[in-house]
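Data block for model.pdb (PDB, C-alpha atoms):
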ATOM      1  CA  MET A   1      12.767 -94.203-136.468
ATOM      2  CA  ILE A   2      12.370 -93.264-132.814
ATOM      3  CA  VAL A   3      14.406 -90.196-131.934
ATOM      4  CA  ASP A   4      16.904 -90.534-129.107
ATOM      5  CA  SER A   5      16.392 -87.301-127.163
ATOM      6  CA  TYR A   6      19.809 -87.621-125.589
ATOM      7  CA  ALA A   7      21.829 -88.501-128.682
ATOM      8  CA  PHE A   8      23.692 -85.200-128.721
ATOM      9  CA  LEU A   9      23.503 -84.353-125.032
ATOM     10  CA  PRO A  10      26.578 -84.674-122.803
ATOM     11  CA  ARG A  11      26.034 -87.770-120.690
ATOM     12  CA  SER A  12      26.342 -85.850-117.425
ATOM     13  CA  PHE A  13      23.378 -83.665-118.436
ATOM     14  CA  VAL A  14      20.977 -86.539-119.068
ATOM     15  CA  PRO A  15      19.724 -86.765-115.454
ATOM     16  CA  LEU A  16      18.814 -83.079-115.621
ATOM     17  CA  TYR A  17      16.225 -83.867-118.294
ATOM     18  CA  SER A  18      15.285 -87.531-118.113
ATOM     19  CA  GLY A  19      13.207 -87.143-114.967
ATOM     20  CA  ALA A  20      11.286 -84.082-116.121
ATOM     21  CA  SER A  21       7.679 -83.751-115.085
ATOM     22  CA  PRO A  22       5.043 -81.085-115.665
ATOM     23  CA  ALA A  23       5.259 -77.917-113.606
ATOM     24  CA  PRO A  24       2.559 -77.485-110.948
ATOM     25  CA  GLY A  25      -0.620 -76.439-112.704
ATOM     26  CA  ASP A  26       0.734 -77.655-116.038
ATOM     27  CA  ASP A  27      -0.234 -81.279-115.511
ATOM     28  CA  GLY A  28      -3.215 -81.635-117.826
ATOM     29  CA  PRO A  29      -3.799 -81.616-121.551
ATOM     30  CA  VAL A  30      -4.271 -78.344-123.355
ATOM     31  CA  TRP A  31      -5.672 -78.438-126.871
ATOM     32  CA  ALA A  32      -6.804 -76.041-129.555
ATOM     33  CA  PRO A  33      -8.151 -77.800-132.668
ATOM     34  CA  PHE A  34      -6.701 -76.725-135.997
ATOM     35  CA  GLU A  35      -9.925 -76.010-137.799
ATOM     36  CA  LYS A  36      -8.907 -74.493-141.135
ATOM     37  CA  ARG A  37      -7.429 -76.136-144.130
ATOM     38  CA  LEU A  38      -3.677 -75.623-144.157
ATOM     39  CA  ALA A  39      -3.969 -73.988-147.576
ATOM     40  CA  GLU A  40      -6.119 -71.290-145.989
ATOM     41  CA  ALA A  41      -4.211 -70.923-142.735
ATOM     42  CA  ARG A  42      -1.785 -68.262-141.558
ATOM     43  CA  ILE A  43       1.285 -69.726-139.872
ATOM     44  CA  ALA A  44       3.825 -68.086-137.547
ATOM     45  CA  LEU A  45       7.188 -69.295-136.263
ATOM     46  CA  LEU A  46       8.805 -69.033-132.843
ATOM     47  CA  THR A  47      12.486 -69.768-132.290
ATOM     48  CA  SER A  48      14.386 -69.967-129.006
ATOM     49  CA  ALA A  49      17.716 -69.204-130.704
ATOM     50  CA  GLY A  50      17.982 -65.712-129.241
ATOM     51  CA  LEU A  51      17.821 -64.074-132.676
ATOM     52  CA  TYR A  52      17.406 -60.324-133.048
ATOM     53  CA  LEU A  53      17.703 -57.731-135.799
ATOM     54  CA  GLU A  54      21.338 -56.692-135.741
ATOM     55  CA  GLY A  55      21.684 -52.967-135.131
ATOM     56  CA  GLU A  56      17.923 -52.445-134.739
ATOM     57  CA  GLN A  57      16.991 -54.486-131.685
ATOM     58  CA  PRO A  58      18.961 -54.983-128.487
ATOM     59  CA  PRO A  59      20.611 -58.392-128.142
ATOM     60  CA  PHE A  60      19.347 -60.668-125.396
ATOM     61  CA  ASP A  61      21.206 -59.889-122.192
ATOM     62  CA  GLY A  62      24.133 -62.305-122.037
ATOM     63  CA  GLU A  63      26.165 -60.116-119.728
ATOM     64  CA  ARG A  64      23.645 -60.436-116.926
ATOM     65  CA  GLU A  65      23.490 -64.197-117.491
ATOM     66  CA  LYS A  66      27.271 -64.379-117.140
ATOM     67  CA  ALA A  67      26.989 -62.574-113.803
ATOM     68  CA  ASP A  68      23.965 -64.612-112.695
ATOM     69  CA  PRO A  69      24.182 -68.050-114.342
ATOM     70  CA  THR A  70      20.722 -69.250-113.311
ATOM     71  CA  TRP A  71      19.124 -66.251-115.034
ATOM     72  CA  GLY A  72      18.265 -66.134-118.715
ATOM     73  CA  ASP A  73      16.856 -63.107-120.511
ATOM     74  CA  PRO A  74      13.067 -63.709-120.577
ATOM     75  CA  THR A  75      12.196 -60.990-123.093
ATOM     76  CA  HIS A  76      11.269 -61.565-126.722
ATOM     77  CA  ARG A  77      11.932 -59.963-130.096
ATOM     78  CA  VAL A  78       9.492 -59.616-132.973
ATOM     79  CA  LEU A  79      10.970 -60.481-136.353
ATOM     80  CA  PRO A  80       9.458 -59.634-139.748
ATOM     81  CA  ALA A  81       8.500 -62.350-142.225
ATOM     82  CA  SER A  82      10.962 -60.936-144.708
ATOM     83  CA  LEU A  83      14.318 -59.653-143.590
ATOM     84  CA  ASP A  84      14.901 -57.741-146.840
ATOM     85  CA  GLY A  85      18.632 -58.031-146.469
ATOM     86  CA  ARG A  86      18.724 -57.062-142.799
ATOM     87  CA  ALA A  87      21.148 -59.104-140.725
ATOM     88  CA  LEU A  88      20.206 -61.267-137.776
ATOM     89  CA  GLY A  89      22.278 -61.413-134.619
ATOM     90  CA  MET A  90      22.172 -64.300-132.162
ATOM     91  CA  MET A  91      22.737 -64.250-128.407
ATOM     92  CA  HIS A  92      22.534 -67.711-126.899
ATOM     93  CA  LEU A  93      25.362 -68.822-124.634
ATOM     94  CA  HIS A  94      24.367 -72.510-124.710
ATOM     95  CA  VAL A  95      24.860 -73.364-128.376
ATOM     96  CA  ASN A  96      27.432 -72.545-131.033
ATOM     97  CA  PRO A  97      25.760 -69.819-133.136
ATOM     98  CA  GLU A  98      27.841 -70.358-136.282
ATOM     99  CA  ASP A  99      25.442 -72.593-138.202
ATOM    100  CA  VAL A 100      22.327 -70.549-137.369
ATOM    101  CA  LEU A 101      24.019 -67.329-138.416
ATOM    102  CA  ALA A 102      25.274 -68.999-141.602
ATOM    103  CA  ASP A 103      21.763 -70.220-142.434
ATOM    104  CA  PRO A 104      18.970 -68.952-140.159
ATOM    105  CA  GLU A 105      16.537 -71.314-141.929
ATOM    106  CA  ILE A 106      17.779 -74.109-139.645
ATOM    107  CA  ALA A 107      16.122 -72.335-136.712
ATOM    108  CA  LEU A 108      13.588 -70.014-138.336
ATOM    109  CA  PRO A 109      12.537 -71.337-141.752
ATOM    110  CA  LEU A 110      10.832 -68.206-143.071
ATOM    111  CA  GLY A 111      12.021 -68.919-146.607
ATOM    112  CA  GLY A 112      10.825 -72.502-146.445
ATOM    113  CA  LEU A 113       7.429 -71.389-145.212
ATOM    114  CA  ALA A 114       7.191 -68.730-147.921
ATOM    115  CA  ALA A 115       7.981 -71.372-150.547
ATOM    116  CA  LEU A 116       5.091 -73.532-149.322
ATOM    117  CA  VAL A 117       2.795 -70.495-149.497
ATOM    118  CA  ALA A 118       3.933 -69.845-153.069
ATOM    119  CA  GLU A 119       3.023 -73.442-153.914
ATOM    120  CA  GLY A 120      -0.435 -73.036-152.407
ATOM    121  CA  ARG A 121       0.179 -75.598-149.664
ATOM    122  CA  VAL A 122       0.027 -73.034-146.837
ATOM    123  CA  GLY A 123      -2.320 -70.057-146.808
ATOM    124  CA  SER A 124       0.032 -67.307-145.687
ATOM    125  CA  VAL A 125       3.102 -66.484-143.678
ATOM    126  CA  ALA A 126       2.260 -64.329-140.655
ATOM    127  CA  PRO A 127       3.733 -60.831-141.035
ATOM    128  CA  GLN A 128       5.605 -61.141-137.741
ATOM    129  CA  HIS A 129       7.411 -63.950-135.912
ATOM    130  CA  VAL A 130       8.915 -64.383-132.473
ATOM    131  CA  SER A 131      12.365 -64.966-131.055
ATOM    132  CA  VAL A 132      13.144 -65.807-127.444
ATOM    133  CA  MET A 133      16.296 -67.001-125.731
ATOM    134  CA  GLY A 134      15.542 -70.498-124.593
ATOM    135  CA  TYR A 135      17.621 -70.863-121.457
ATOM    136  CA  GLN A 136      15.101 -70.124-118.718
ATOM    137  CA  GLN A 137      15.205 -71.024-115.090
ATOM    138  CA  ALA A 138      14.767 -67.943-112.916
ATOM    139  CA  GLY A 139      13.086 -66.118-115.804
ATOM    140  CA  LEU A 140      10.368 -68.687-116.364
ATOM    141  CA  GLU A 141       7.795 -66.775-114.356
ATOM    142  CA  VAL A 142       8.367 -63.718-116.545
ATOM    143  CA  TRP A 143       7.772 -65.942-119.566
ATOM    144  CA  ARG A 144       4.486 -67.096-118.081
ATOM    145  CA  HIS A 145       3.153 -63.752-116.947
ATOM    146  CA  GLU A 146       4.616 -61.213-119.373
ATOM    147  CA  THR A 147       6.261 -62.736-122.442
ATOM    148  CA  ALA A 148       3.643 -65.365-123.278
ATOM    149  CA  PRO A 149       0.695 -62.933-123.029
ATOM    150  CA  ALA A 150       2.545 -60.480-125.279
ATOM    151  CA  ILE A 151       3.233 -63.258-127.806
ATOM    152  CA  VAL A 152      -0.413 -64.353-127.720
ATOM    153  CA  GLU A 153      -1.545 -60.784-128.353
ATOM    154  CA  LEU A 154       0.830 -60.481-131.309
ATOM    155  CA  LEU A 155      -0.348 -63.792-132.763
ATOM    156  CA  ARG A 156      -4.021 -62.891-132.338
ATOM    157  CA  ASN A 157      -3.613 -59.416-133.799
ATOM    158  CA  GLN A 158      -2.218 -60.837-136.998
ATOM    159  CA  GLY A 159      -4.799 -63.613-137.294
ATOM    160  CA  THR A 160      -2.410 -66.499-136.681
ATOM    161  CA  ASP A 161      -4.016 -69.913-137.183
ATOM    162  CA  GLY A 162      -1.064 -71.988-136.010
ATOM    163  CA  LEU A 163       2.369 -71.602-134.428
ATOM    164  CA  ILE A 164       5.482 -73.711-135.013
ATOM    165  CA  LEU A 165       7.841 -73.515-132.046
ATOM    166  CA  ALA A 166      11.418 -74.661-132.473
ATOM    167  CA  PRO A 167      13.621 -74.775-129.397
ATOM    168  CA  VAL A 168      17.322 -74.904-130.184
TER
ATOM    169  CA  MET B   1       9.891 -73.913-124.557
ATOM    170  CA  PRO B   2       6.982 -76.361-124.148
ATOM    171  CA  VAL B   3       5.680 -73.977-121.498
ATOM    172  CA  LEU B   4       5.230 -71.370-124.245
ATOM    173  CA  ALA B   5       3.538 -73.936-126.472
ATOM    174  CA  ARG B   6       1.062 -74.715-123.709
ATOM    175  CA  LEU B   7       0.359 -71.060-122.954
ATOM    176  CA  VAL B   8      -0.231 -70.250-126.633
ATOM    177  CA  GLU B   9      -2.371 -73.362-127.074
ATOM    178  CA  ALA B  10      -4.404 -72.384-124.000
ATOM    179  CA  ALA B  11      -5.108 -69.097-125.762
ATOM    180  CA  ALA B  12      -6.787 -71.110-128.561
ATOM    181  CA  ILE B  13      -3.914 -70.976-131.057
ATOM    182  CA  PRO B  14      -2.767 -74.481-132.119
ATOM    183  CA  THR B  15       0.942 -75.214-131.746
ATOM    184  CA  VAL B  16       3.515 -77.787-132.740
ATOM    185  CA  THR B  17       6.944 -78.050-131.113
ATOM    186  CA  VAL B  18       9.850 -79.195-133.307
ATOM    187  CA  THR B  19      12.484 -80.476-130.935
ATOM    188  CA  MET B  20      15.706 -82.416-130.509
ATOM    189  CA  MET B  21      14.298 -83.611-127.156
ATOM    190  CA  PRO B  22      10.825 -85.008-127.871
ATOM    191  CA  ALA B  23      10.924 -87.090-124.675
ATOM    192  CA  LEU B  24      11.242 -83.894-122.648
ATOM    193  CA  ALA B  25       8.491 -82.149-124.626
ATOM    194  CA  ALA B  26       6.230 -85.156-124.053
ATOM    195  CA  ALA B  27       7.075 -85.287-120.341
ATOM    196  CA  VAL B  28       6.023 -81.671-119.867
ATOM    197  CA  LEU B  29       2.908 -82.170-122.000
ATOM    198  CA  ALA B  30       3.494 -80.182-125.168
ATOM    199  CA  PRO B  31       0.323 -80.570-127.251
ATOM    200  CA  ARG B  32       1.910 -81.658-130.580
ATOM    201  CA  ILE B  33       5.509 -82.780-130.989
ATOM    202  CA  VAL B  34       7.834 -83.403-133.918
ATOM    203  CA  GLY B  35      11.116 -85.033-132.896
ATOM    204  CA  VAL B  36      14.393 -84.725-134.769
ATOM    205  CA  GLU B  37      17.648 -86.476-133.892
ATOM    206  CA  PHE B  38      19.808 -83.496-134.801
ATOM    207  CA  PRO B  39      22.531 -81.656-132.890
ATOM    208  CA  PHE B  40      21.241 -78.852-130.711
ATOM    209  CA  GLY B  41      20.883 -75.564-132.547
ATOM    210  CA  HIS B  42      19.601 -77.292-135.711
ATOM    211  CA  PRO B  43      15.880 -78.049-135.330
ATOM    212  CA  PHE B  44      15.235 -77.838-139.084
ATOM    213  CA  GLY B  45      18.434 -79.571-140.132
ATOM    214  CA  MET B  46      21.708 -78.905-141.879
ATOM    215  CA  PRO B  47      22.712 -75.408-142.992
ATOM    216  CA  GLY B  48      22.079 -75.051-146.709
ATOM    217  CA  ASP B  49      20.204 -78.349-147.028
ATOM    218  CA  ARG B  50      16.851 -77.082-148.266
ATOM    219  CA  ALA B  51      15.486 -80.589-148.872
ATOM    220  CA  MET B  52      16.140 -81.656-145.280
ATOM    221  CA  GLN B  53      14.760 -78.411-143.878
ATOM    222  CA  ARG B  54      11.657 -78.805-146.013
ATOM    223  CA  ARG B  55      11.001 -82.337-144.799
ATOM    224  CA  VAL B  56      11.067 -81.198-141.186
ATOM    225  CA  LEU B  57       8.894 -78.166-141.900
ATOM    226  CA  GLU B  58       6.371 -80.250-143.849
ATOM    227  CA  THR B  59       6.204 -82.775-141.020
ATOM    228  CA  ALA B  60       5.608 -79.947-138.549
ATOM    229  CA  LEU B  61       2.807 -78.524-140.690
ATOM    230  CA  THR B  62       1.217 -81.956-141.135
ATOM    231  CA  VAL B  63       1.229 -82.573-137.385
ATOM    232  CA  LEU B  64       0.061 -79.029-136.632
ATOM    233  CA  SER B  65      -2.859 -79.199-139.021
ATOM    234  CA  GLY B  66      -3.701 -82.888-138.874
ATOM    235  CA  ALA B  67      -3.092 -84.211-135.383
ATOM    236  CA  ALA B  68      -6.317 -85.619-133.996
ATOM    237  CA  ALA B  69      -5.500 -85.547-130.320
ATOM    238  CA  PHE B  70      -3.406 -83.978-127.583
ATOM    239  CA  GLY B  71       0.041 -85.498-127.267
ATOM    240  CA  THR B  72       0.474 -86.431-130.932
ATOM    241  CA  HIS B  73       4.167 -87.116-131.484
ATOM    242  CA  VAL B  74       5.861 -87.862-134.798
ATOM    243  CA  ASP B  75       9.594 -88.367-135.238
ATOM    244  CA  VAL B  76      11.340 -87.397-138.481
ATOM    245  CA  ASP B  77      13.221 -90.299-140.031
ATOM    246  CA  ILE B  78      16.431 -88.517-140.950
ATOM    247  CA  GLU B  79      19.884 -89.531-139.781
ATOM    248  CA  TRP B  80      22.286 -86.623-139.228
ATOM    249  CA  PRO B  81      24.657 -86.861-142.187
ATOM    250  CA  LEU B  82      27.865 -85.849-140.410
ATOM    251  CA  PRO B  83      29.972 -88.064-138.119
ATOM    252  CA  ARG B  84      28.356 -88.239-134.698
ATOM    253  CA  ALA B  85      31.443 -87.278-132.690
ATOM    254  CA  ALA B  86      32.126 -84.178-134.757
ATOM    255  CA  ALA B  87      28.481 -83.095-134.642
ATOM    256  CA  TYR B  88      28.391 -83.644-130.883
ATOM    257  CA  LYS B  89      31.361 -81.367-130.470
ATOM    258  CA  SER B  90      30.441 -78.676-132.979
ATOM    259  CA  TRP B  91      27.009 -77.746-131.615
ATOM    260  CA  GLN B  92      28.484 -76.827-128.253
ATOM    261  CA  PRO B  93      29.572 -73.254-127.558
ATOM    262  CA  LYS B  94      33.283 -72.575-127.700
ATOM    263  CA  GLU B  95      33.099 -71.318-124.132
ATOM    264  CA  ALA B  96      31.010 -73.255-121.595
ATOM    265  CA  SER B  97      27.710 -71.538-120.792
ATOM    266  CA  PRO B  98      27.689 -69.749-117.416
ATOM    267  CA  ILE B  99      25.558 -72.407-115.709
ATOM    268  CA  VAL B 100      27.706 -75.230-117.078
ATOM    269  CA  ALA B 101      30.873 -73.436-116.013
ATOM    270  CA  LEU B 102      29.360 -73.060-112.548
ATOM    271  CA  MET B 103      28.430 -76.762-112.411
ATOM    272  CA  LEU B 104      31.890 -77.822-113.559
ATOM    273  CA  ALA B 105      33.518 -75.579-110.958
ATOM    274  CA  SER B 106      31.212 -77.019-108.321
ATOM    275  CA  MET B 107      32.148 -80.594-109.317
ATOM    276  CA  LYS B 108      35.804 -79.698-108.964
ATOM    277  CA  GLY B 109      35.096 -78.396-105.493
ATOM    278  CA  ASP B 110      36.095 -74.825-106.130
ATOM    279  CA  GLY B 111      32.663 -73.422-106.796
TER
END

Output the file's structure in the form of structure tokens.
Amino acid sequence: MIVDSYAFLPRSFVPLYSGASPAPGDDGPVWAPFEKRLAEARIALLTSAGLYLEGEQPPFDGEREKADPTWGDPTHRVLPASLDGRALGMMHLHVNPEDVLADPEIALPLGGLAALVAEGRVGSVAPQHVSVMGYQQAGLEVWRHETAPAIVELLRNQGTDGLILAPV
Amino acid sequence: MPVLARLVEAAAIPTVTVTMMPALAAAVLAPRIVGVEFPFGHPFGMPGDRAMQRRVLETALTVLSGAAAFGTHVDVDIEWPLPRAAAYKSWQPKEASPIVALMLASMKGDG
């Protein structure tokens, strides 16, 4: 099966994406070999669903986006591997949050990853994971120069061997 | 999002991007790509469907750990189990996002 990237996209949006090309300076391959066995590797997750710990972390800033529609909050939140009953909130004005809030595994499969660790297929779940809010236009430079370096530092500090990113 | 994948990969941490828009991820040169033909907001599948979520996650881990070269792209062979029209409608926010509202207003000539 070959996935149709536009199967669920409103037809009028297709031209916004179908002609995409690399950003200046982003036009070559970048590659880090995965050198460990998966059963010995520590894996982290990154979602763009705009998830945050309800009542503990500030939501992504949707009010500013409403006032300035080309801006999207470029900050990130660090989420623990185990929520221990803590609730997740979601701030993303571009998708219906109902399904993610009903079952966060569809965007951030921490339980699924933990199950594979328990079976010995994956070495370990990283202690901390990352949430961003994926709508970025004006904020992209902040992602490049502030958010991404902070994420890299977090991943390095916890010995992450591989990262699964899942845009929503 | 592929921009984050590239920046993390450039810092020597391997990445895989699980995406509803693999053509876009490929166009902007994400290093490893797993495509899913799911409604937006559902990269690992249906709520409550652990088997579907596991298949996507396992594919992502296989591509992450086993891809031999930059640009490896594998699509997951799962058809969304709900009627297409309903799924198309239900992923969208109840209120148009600010940029979409602005575009619609602009198309109507009042923006």

Residues of chain B that have any atom at most 7 Å from an atom of chain A: could you tabulate them with the shortest-distance atom pair and the distance in Å to one decimal, using all atoms listed in the file, ordered by chain and increasing number, as JSON lines?
{"residue": "B:Met1", "atom": "CA", "partner": "A:Pro167", "partner_atom": "CA", "distance": 6.2}
{"residue": "B:Leu4", "atom": "CA", "partner": "A:Ala148", "partner_atom": "CA", "distance": 6.3}
{"residue": "B:Arg6", "atom": "CA", "partner": "A:Val30", "partner_atom": "CA", "distance": 6.5}
{"residue": "B:Leu7", "atom": "CA", "partner": "A:Ala148", "partner_atom": "CA", "distance": 6.6}
{"residue": "B:Val8", "atom": "CA", "partner": "A:Val152", "partner_atom": "CA", "distance": 6.0}
{"residue": "B:Glu9", "atom": "CA", "partner": "A:Ala32", "partner_atom": "CA", "distance": 5.7}
{"residue": "B:Ala10", "atom": "CA", "partner": "A:Val30", "partner_atom": "CA", "distance": 6.0}
{"residue": "B:Ala11", "atom": "CA", "partner": "A:Val152", "partner_atom": "CA", "distance": 7.0}
{"residue": "B:Ala12", "atom": "CA", "partner": "A:Ala32", "partner_atom": "CA", "distance": 5.0}
{"residue": "B:Ile13", "atom": "CA", "partner": "A:Gly162", "partner_atom": "CA", "distance": 5.8}
{"residue": "B:Pro14", "atom": "CA", "partner": "A:Gly162", "partner_atom": "CA", "distance": 4.9}
{"residue": "B:Thr15", "atom": "CA", "partner": "A:Leu163", "partner_atom": "CA", "distance": 4.7}
{"residue": "B:Val16", "atom": "CA", "partner": "A:Ile164", "partner_atom": "CA", "distance": 5.1}
{"residue": "B:Thr17", "atom": "CA", "partner": "A:Leu165", "partner_atom": "CA", "distance": 4.7}
{"residue": "B:Val18", "atom": "CA", "partner": "A:Ala166", "partner_atom": "CA", "distance": 4.9}
{"residue": "B:Thr19", "atom": "CA", "partner": "A:Pro167", "partner_atom": "CA", "distance": 6.0}
{"residue": "B:Met20", "atom": "CA", "partner": "A:Ser5", "partner_atom": "CA", "distance": 6.0}
{"residue": "B:Met21", "atom": "CA", "partner": "A:Ser5", "partner_atom": "CA", "distance": 4.2}
{"residue": "B:Pro22", "atom": "CA", "partner": "A:Ser5", "partner_atom": "CA", "distance": 6.1}
{"residue": "B:Ala23", "atom": "CA", "partner": "A:Ser5", "partner_atom": "CA", "distance": 6.0}
{"residue": "B:Leu24", "atom": "CA", "partner": "A:Ala20", "partner_atom": "CA", "distance": 6.5}
{"residue": "B:Ala27", "atom": "CA", "partner": "A:Ser21", "partner_atom": "CA", "distance": 5.5}
{"residue": "B:Val28", "atom": "CA", "partner": "A:Pro22", "partner_atom": "CA", "distance": 4.4}
{"residue": "B:Leu29", "atom": "CA", "partner": "A:Pro29", "partner_atom": "CA", "distance": 6.7}
{"residue": "B:Pro31", "atom": "CA", "partner": "A:Trp31", "partner_atom": "CA", "distance": 6.4}
{"residue": "B:Gly35", "atom": "CA", "partner": "A:Val3", "partner_atom": "CA", "distance": 6.2}
{"residue": "B:Val36", "atom": "CA", "partner": "A:Val3", "partner_atom": "CA", "distance": 6.2}
{"residue": "B:Glu37", "atom": "CA", "partner": "A:Val3", "partner_atom": "CA", "distance": 5.3}
{"residue": "B:Pro39", "atom": "CA", "partner": "A:Phe8", "partner_atom": "CA", "distance": 5.6}
{"residue": "B:Phe40", "atom": "CA", "partner": "A:Val168", "partner_atom": "CA", "distance": 5.6}
{"residue": "B:Gly41", "atom": "CA", "partner": "A:Val168", "partner_atom": "CA", "distance": 4.3}
{"residue": "B:His42", "atom": "CA", "partner": "A:Ile106", "partner_atom": "CA", "distance": 5.4}
{"residue": "B:Pro43", "atom": "CA", "partner": "A:Ala107", "partner_atom": "CA", "distance": 5.9}
{"residue": "B:Phe44", "atom": "CA", "partner": "A:Ile106", "partner_atom": "CA", "distance": 4.5}
{"residue": "B:Gly45", "atom": "CA", "partner": "A:Ile106", "partner_atom": "CA", "distance": 5.5}
{"residue": "B:Met46", "atom": "CA", "partner": "A:Ile106", "partner_atom": "CA", "distance": 6.6}
{"residue": "B:Pro47", "atom": "CA", "partner": "A:Asp103", "partner_atom": "CA", "distance": 5.3}
{"residue": "B:Gly48", "atom": "CA", "partner": "A:Asp103", "partner_atom": "CA", "distance": 6.5}
{"residue": "B:Gln53", "atom": "CA", "partner": "A:Ile106", "partner_atom": "CA", "distance": 6.7}
{"residue": "B:Arg54", "atom": "CA", "partner": "A:Gly112", "partner_atom": "CA", "distance": 6.4}
{"residue": "B:Ser65", "atom": "CA", "partner": "A:Phe34", "partner_atom": "CA", "distance": 5.5}
{"residue": "B:Phe70", "atom": "CA", "partner": "A:Trp31", "partner_atom": "CA", "distance": 6.0}
{"residue": "B:Asp75", "atom": "CA", "partner": "A:Val3", "partner_atom": "CA", "distance": 6.1}
{"residue": "B:Asp77", "atom": "CA", "partner": "A:Met1", "partner_atom": "CA", "distance": 5.3}
{"residue": "B:Tyr88", "atom": "CA", "partner": "A:Phe8", "partner_atom": "CA", "distance": 5.4}
{"residue": "B:Trp91", "atom": "CA", "partner": "A:Asn96", "partner_atom": "CA", "distance": 5.3}
{"residue": "B:Gln92", "atom": "CA", "partner": "A:Val95", "partner_atom": "CA", "distance": 5.0}
{"residue": "B:Pro93", "atom": "CA", "partner": "A:Asn96", "partner_atom": "CA", "distance": 4.1}
{"residue": "B:Lys94", "atom": "CA", "partner": "A:Asn96", "partner_atom": "CA", "distance": 6.7}
{"residue": "B:Ser97", "atom": "CA", "partner": "A:His94", "partner_atom": "CA", "distance": 5.2}
{"residue": "B:Pro98", "atom": "CA", "partner": "A:Pro69", "partner_atom": "CA", "distance": 5.0}
{"residue": "B:Ile99", "atom": "CA", "partner": "A:Pro69", "partner_atom": "CA", "distance": 4.8}

How many Å separate atom CA of B:Ala60 from atom CA of A:Pro127?
->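 Between atom CA of B:Ala60 and atom CA of A:Pro127 the gap works out to 19.4 Å.
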
Check the smallest atom-to-atom distance from each of B:Lys108, B:Arg50, B:Arg32, B:Arg84 to B:Gly71 using only C-alpha atoms, then report the winner.
->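 Closest to B:Gly71 of all the choices is B:Arg32.
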
Within 9 Å of B:Thr59 using all atoms listed in the file, minus same-chain residues under 3 positions, as a ChimeraX atom specification = /B:34,54-56,62-64,74-76

Please enclose the listed atoms of stretch 87-92 of chain B in an axis-aligned box, pad each side by 5 Å, and write out the centre and the three edge lengths in Å, rounded to one decimal, as JSON.
{"center_x": 29.2, "center_y": -80.2, "center_z": -131.4, "size_x": 14.4, "size_y": 16.8, "size_z": 16.4}

A:Val130, A:Leu16, A:Arg42, A:Glu56: which is nearest A:Leu79, counting all atoms listed in the file?
-> A:Val130

Explicit residue set for the PyMOL selection byres ((chain A and resi 88-90) around 7), as a PyMOL selection string = chain A and resi 49-54+86-87+91-92+97

Separation of atom CA of B:Ala68 from atom CA of A:Leu154 in Å | 26.3 Å

Distance atom CA of B:Val3-atom CA of A:Glu141, one decimal place?
-> 10.4 Å

Choose the residue, out of A:Asn157, A:Gly139, A:Arg11, A:Glu146, that has the smallest atom-to-atom separation from A:Gly72; count all atoms listed in the file.
->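 Nearest candidate to A:Gly72 out of A:Asn157, A:Gly139, A:Arg11, A:Glu146: A:Gly139.
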